[in-house]
Amino acid sequence: MAKLTKLDDIVSLCKRRGFIFQSSEIYGGLASCYDYGPLGVELKNNVKKAWWKNVVQMRDDVVGLDCSILMHPMVWKASGHADKFADLIAECKKCNTRTRVDHLKDKTNEHGEEHTEHVAIESVSGQNLINKICPACGIVGQFTEPMPFKLMFETKMGANIDDSMTIQLRPETAQGIFANFRNVLDSTRVKIPFGIAQIGKSFRNEVTTKAFIFRTREFEQAELEFFCEPGTDMDWYNHWKETRFKWYTDLGLKKENLRFREHDPDELAHYAKGCVDVEYKFPFGSGDWQELEGIANRTDYDLRQHQRGMRTLNKWYENDRDLSKIELASEAEDYNKGPLSYFDEQKKERYIPYVIEPSAGMDRSTLAFLVDAYDEEEVRGETRNLLRFHPALAPIKVGIFPLVKKDGMPEVARKIYDNLKKYFNCFYDEKSAVGRRYRRQDEAGTPFCVTVDGQTLEDNTVTVRDRDSMEQARITTDNVLNYLRGKLDM
RNA sequence: GCGGGCGUAGCUCAGUGGUAGAGCGUCACGUUGCCAACGUGAAUGUCGUGAGUUCAAGUCUCAUCGCCCGCUCCA
């Protein structure tokens, strides 16, 4: 079985085979950023394709979307990210514990206020914390100068420096879906229940990253916002829970390495009615169960928040476009009939739909598929290393070889290769012994290899060798494409 | 952010102040011809980066970047 027992082994495997490299490695690397190599990009693209096929293509009730990464600043005011994602943090000099300044309790007032107020960065210095207690060790007033933390990446939009606008890189793709809810309703004839799906990059300035690609600052999400009628939401929550779990196992992840983890009620965001993580057991370390995907019942929170956001727009202009100076407008009395509501033609009633959100990390699941596929086995006293990828995920589908590099075999093999590569990713190889070429493809996880041999020249047949069993079938050259299509389900 | 460990060829690693190394992998030629064969040969190094100490630094010191482990943080 797999001998990957440390994260280092996996990092090494990823680099050696061209799956994942450290970003900017020739310059000493850039923390928390990684690049996908030639095999890695194929694998990850296949993971994304498999998600899209399962969540969009094969369903009548989901449509796709691809939003811009840069969005109007008010999007993040309404979603709550602008406030929640900007904090002042002070560190206790005694125990090195870092705490949000607005969470610190006063020595004289140990009841502690609710920390909803926004703390202006200029107004707080270490001196102001002289009476504050460290929640970890109880020491009073031993804090460092507060450090401002911004969890969203900022950039400037507009080439004119004096007239440019601060914009955030999205910390999740979901808000782009909510912002387009009305557009999709008006342009596609969808009816509730229906979903909008999107795959794309998101950015978060995590306080700590670490652990290879499990928590990176730039990452790719596949998110579905599934809109349904209030009251039916828990049924859909359970539907997506099952559907999403099955997706992983159908693509070959071993069941014993997958589990659900339901969030405790006190762990839930205040608007969420339920949340479950799909976790994968990576074969290393102690904290080995890692989240691949979260499935949440977000209720009608997001659409209601954006209705409030739309009502706040003028205030934003009036306050020099400074988000920190404004409060989100209160909710309209008849918010149910607002611009982001839905009119049910049959029931003749208008409501804000509830949302079930399966949100999957594409980088994490790509790595899980890679790690799970890794295998070592003894063959005639030698170790055979291979990746047992599901055919849909394999970066290369077929290797094509001439048995030897003479007697016209390369020409015939090339011709087969030129034909097959129109249909799937193929790799042609005529270097060194054929056994070595088989093993090289095993390492890349290629499910099938086609070999042209002496018999091919006589009766127009080739051998097709199976990665997992190493068995060969003899097929007529004309039938190779159909044979492989059947085996690969493509 | 704190504590600990690490950084030498594509990978795994040796090299304890004095000429930059091995195995695997890669490439070429020969041989073999269906599962990592063999022989011969070759290429590949800012020793993470920058300073310092020294006649001399991969080796000692400092800083810095990056990675791993444990806390912490985050969700």
# chains A, B, ... in the order shown; residues from 1 in each chain; ligands from 1
call {"tool": "select_by_dssp", "arguments": {"residues": "stretch 186-249 of chain A", "states": "strand (DSSP E or B)", "output": "MDAnalysis selection string"}}
result
chainID A and resid 194:203 218:228
call {"tool": "closest_atom_pairs", "arguments": {"of": "chain A", "to": "chain B", "cutoff": "10 Å", "atoms": "only C-alpha atoms (C1' of nucleotides)", "output": "tab-separated table"}}
result
residue	atom	partner	partner_atom	distance
A:Lys6	CA	B:C68	C1'	9.6
A:Leu7	CA	B:C68	C1'	8.0
A:Asp8	CA	B:C68	C1'	7.3
A:Val11	CA	B:C67	C1'	9.9
A:Ser12	CA	B:C11	C1'	7.3
A:Leu13	CA	B:C11	C1'	8.6
A:Lys15	CA	B:C11	C1'	8.4
A:Arg16	CA	B:C11	C1'	6.0
A:Arg17	CA	B:G10	C1'	9.4
A:Gly18	CA	B:G10	C1'	9.9
A:Gln22	CA	B:G66	C1'	9.3
A:Glu25	CA	B:G66	C1'	8.8
A:Ile26	CA	B:G48	C1'	9.1
A:Tyr27	CA	B:U49	C1'	8.6
A:Gly28	CA	B:G48	C1'	5.9
A:Gly29	CA	B:G66	C1'	5.8
A:Leu30	CA	B:G66	C1'	7.3
A:Ala31	CA	B:G66	C1'	6.8
A:Ser32	CA	B:G66	C1'	9.7
A:Glu91	CA	B:G1	C1'	7.9
A:Cys95	CA	B:C2	C1'	8.3
A:Asn96	CA	B:C2	C1'	6.1
A:Thr97	CA	B:U72	C1'	6.0
A:Arg98	CA	B:C73	C1'	7.0
A:Thr99	CA	B:C73	C1'	8.4
A:Glu206	CA	B:C74	C1'	7.0
A:Val207	CA	B:C73	C1'	6.4
A:Thr208	CA	B:C73	C1'	6.9
A:Thr209	CA	B:C74	C1'	9.6
A:Lys210	CA	B:C67	C1'	8.9
A:Ala211	CA	B:C68	C1'	8.3
A:Phe212	CA	B:C67	C1'	8.8
A:Glu267	CA	B:A75	C1'	8.9
A:Leu268	CA	B:A75	C1'	9.5
A:Ala269	CA	B:A75	C1'	9.4
A:Gly285	CA	B:C69	C1'	8.8
A:Val379	CA	B:C35	C1'	9.1
A:Arg380	CA	B:C35	C1'	9.8
A:Glu382	CA	B:A36	C1'	7.8
A:Thr383	CA	B:A36	C1'	8.4
A:Arg384	CA	B:A36	C1'	7.8
A:Asn385	CA	B:A36	C1'	9.6
A:Leu403	CA	B:G33	C1'	7.4
A:Val404	CA	B:G33	C1'	6.8
A:Ala433	CA	B:G33	C1'	7.8
A:Val434	CA	B:C34	C1'	6.6
A:Gly435	CA	B:C35	C1'	3.8
A:Arg436	CA	B:A36	C1'	5.1
A:Arg437	CA	B:C35	C1'	8.5
A:Tyr438	CA	B:C35	C1'	6.5
A:Arg439	CA	B:A36	C1'	6.4
A:Arg440	CA	B:A36	C1'	8.2
A:Thr451	CA	B:C34	C1'	8.8
A:Asp453	CA	B:C34	C1'	9.0
A:Thr463	CA	B:C34	C1'	9.4
A:Arg465	CA	B:C34	C1'	9.7
A:Met470	CA	B:C35	C1'	8.0
A:Gln472	CA	B:C34	C1'	9.3
call {"tool": "residues_around", "arguments": {"residues": "B:U40", "least_positions_apart": "2", "cutoff": "12 Å", "atoms": "only C-alpha atoms (C1' of nucleotides)", "output": "PyMOL selection string"}}
result
chain B and resi 28-31+38+42
call {"tool": "residues_around", "arguments": {"residues": "stretch 15-23 of chain B", "least_positions_apart": "5", "cutoff": "7 Å", "atoms": "only C-alpha atoms (C1' of nucleotides)", "output": "list in words"}}
result
A56, A57 and U59 of chain B
